[in-house]
Structures are given as C-alpha cells and as structure tokens.
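Undergrad: First the structure, then my questions, so here it is.
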Amino acid sequence: MTALDRLAATIEARKGADPETSWTAKLLAKGPEKAAEKFGEEAVEAIIEAVRGDRARLTAEAADVLYHLLVMLAARDVALTDVLAELERREGTSGIAEKAARN
C-alpha cells in the first residue's frame, strides 16, 4: 500500500469524524463545492512555487494538492482506485491521441 493509498483510506475514514477534531471532516462537512474550492487554491499555490523555482516549497505545495484532490474526490464519492484505473486505461496511449478521442 502506497502513501497515497493510505491517505485516501484515512480521508475515507474521516467522513464520519467530528468536524471539530478533524480538518478532513471539517472540509467534507462543508460540501463538495468547498472541497473543490480548496483544491483550486492549493493548485494555484503549487503553480506559484513552480514558477518561483523553489523545489522544497513546490514539494510541500504538491503534497497539499494531492491531499486536497483526494478530499475533493471523496466529497463526490470517487475512489482513488477509480482514478488509478482510468490512468491504467490510458497507459500506452499518446496524450494527443487520448485527448482527440475525447472530442
């Protein structure tokens, strides 16, 4: 089990936790829209650090992005395993070909 798998499992377990004692539960209690908003904020912060070129800060922001992505997915009952299955489905396919197939 990877760190990402463990994090997804922890987030899933926090769905029923007390929002006063769990940041994850607090985010989930605010609904999918708030989870999406927070993911967007963290993504922007990661972009800023990528432009600045600070590897340590980009690493930290990337971790925040992954966490908030998993919270957003959990808020809409999308499992990490489903996302990974989609990535596996796309594996070996050119990004250009994959994008063209969506249109």
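Going through the structure tokens in order, the chains are called A, B, and so on, while each chain numbers its residues from 1 and the ligands are numbered from 1 in the order shown.
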From the DSSP assignment of the backbone, select every residue of chain A that is alpha helix (DSSP H), and format the answer as an MDAnalysis selection string.

TA: chainID A and resid 3:13 23:29 32:52 55:75 80:90 95:102

Undergrad: Could you pull the residues within 12 Å of Ala13 of chain A, counting only C-alpha atoms, minus those fewer than 3 positions along the same chain, as a PyMOL selection string?

TA: chain A and resi 6-10+16-18+22+24-25+28+71+74

Undergrad: Using only C-alpha atoms, find each residue in segment 33-64 of chain A having at least one atom no more than 10 Å away from segment 76-98 of chain A; report its shortest atom-to-atom pair and that distance in Å (one decimal), rows by chain then rising number, as CSV.

TA:
residue,atom,partner,partner_atom,distance
A:Glu33,CA,A:Arg76,CA,9.6
A:Ala35,CA,A:Arg76,CA,9.5
A:Ala36,CA,A:Arg76,CA,9.9

Undergrad: Using N, CA and C atoms, can you write the selected residues to a file as a short mmCIF file (atom, residue, chain, number, x, y, z; two decimals), in the first residue's frame?

TA:
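Once everything was written out, this is out.cif:
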data_model
loop_
_atom_site.label_atom_id
_atom_site.label_comp_id
_atom_site.auth_asym_id
_atom_site.auth_seq_id
_atom_site.Cartn_x
_atom_site.Cartn_y
_atom_site.Cartn_z
N GLU A 33 -18.42 21.50 -3.02
CA GLU A 33 -18.03 22.77 -3.61
C GLU A 33 -16.85 23.39 -2.86
N ALA A 35 -14.70 21.74 -0.99
CA ALA A 35 -13.54 20.88 -1.23
C ALA A 35 -12.91 21.22 -2.57
N ALA A 36 -13.71 21.47 -3.59
CA ALA A 36 -13.20 21.85 -4.90
C ALA A 36 -12.51 23.21 -4.85
#

Undergrad: Measure the distance from atom CA of Met1 of chain A to atom CA of Leu58 of chain A in Å and round it to one decimal.

TA: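 Straight-line distance from atom CA of Met1 of chain A to atom CA of Leu58 of chain A works out to 24.6 Å.
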
Undergrad: What does the distance from atom CA of Leu27 of chain A to atom CA of Ile11 of chain A come to in Å, to one decimal?

TA: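 About the pair atom CA of Leu27 of chain A and atom CA of Ile11 of chain A: they are 10.4 Å apart.
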
Undergrad: So which residues touch Val44 of chain A within 12 Å, counting only C-alpha atoms, skipping near sequence neighbours fewer than 4 positions away, as an mmCIF file with N, CA and C atoms, in the first residue's frame?

TA:
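Generated output (selection00.cif):
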data_model
loop_
_atom_site.group_PDB
_atom_site.id
_atom_site.type_symbol
_atom_site.label_atom_id
_atom_site.label_comp_id
_atom_site.auth_asym_id
_atom_site.auth_seq_id
_atom_site.Cartn_x
_atom_site.Cartn_y
_atom_site.Cartn_z
ATOM 1 N N GLU A 37 -13.104 24.140 -4.134
ATOM 2 C CA GLU A 37 -12.506 25.471 -3.989
ATOM 3 C C GLU A 37 -11.130 25.376 -3.324
ATOM 4 N N LYS A 38 -11.046 24.580 -2.269
ATOM 5 C CA LYS A 38 -9.778 24.429 -1.546
ATOM 6 C C LYS A 38 -8.734 23.754 -2.433
ATOM 7 N N PHE A 39 -9.143 22.765 -3.209
ATOM 8 C CA PHE A 39 -8.231 22.125 -4.155
ATOM 9 C C PHE A 39 -7.688 23.157 -5.141
ATOM 10 N N GLY A 40 -8.568 24.002 -5.654
ATOM 11 C CA GLY A 40 -8.142 25.041 -6.598
ATOM 12 C C GLY A 40 -7.145 26.002 -5.977
ATOM 13 N N ILE A 48 2.402 28.720 -8.364
ATOM 14 C CA ILE A 48 3.263 29.846 -7.980
ATOM 15 C C ILE A 48 4.654 29.354 -7.594
ATOM 16 N N GLU A 49 4.708 28.291 -6.809
ATOM 17 C CA GLU A 49 6.014 27.763 -6.390
ATOM 18 C C GLU A 49 6.770 27.139 -7.566
ATOM 19 N N ALA A 50 6.056 26.568 -8.515
ATOM 20 C CA ALA A 50 6.711 26.019 -9.714
ATOM 21 C C ALA A 50 7.357 27.137 -10.519
ATOM 22 N N VAL A 51 6.663 28.270 -10.618
ATOM 23 C CA VAL A 51 7.204 29.418 -11.344
ATOM 24 C C VAL A 51 8.403 30.008 -10.606
ATOM 25 N N LEU A 58 7.689 23.862 -3.559
ATOM 26 C CA LEU A 58 6.860 23.181 -4.554
ATOM 27 C C LEU A 58 6.513 21.778 -4.070
ATOM 28 N N GLU A 61 3.790 22.124 -1.463
ATOM 29 C CA GLU A 61 2.517 22.503 -2.090
ATOM 30 C C GLU A 61 1.940 21.350 -2.900
ATOM 31 N N ALA A 62 2.800 20.578 -3.552
ATOM 32 C CA ALA A 62 2.328 19.417 -4.318
ATOM 33 C C ALA A 62 1.671 18.401 -3.384
ATOM 34 N N ASP A 64 0.142 19.167 -0.623
ATOM 35 C CA ASP A 64 -1.160 19.766 -0.303
ATOM 36 C C ASP A 64 -2.159 19.541 -1.438
ATOM 37 N N VAL A 65 -1.692 19.680 -2.670
ATOM 38 C CA VAL A 65 -2.561 19.474 -3.835
ATOM 39 C C VAL A 65 -3.091 18.039 -3.848
#

Undergrad: For atom CA of Asn103 of chain A and atom CA of Leu69 of chain A, quote the distance in Å rounded to one decimal.

TA: 24.9 Å
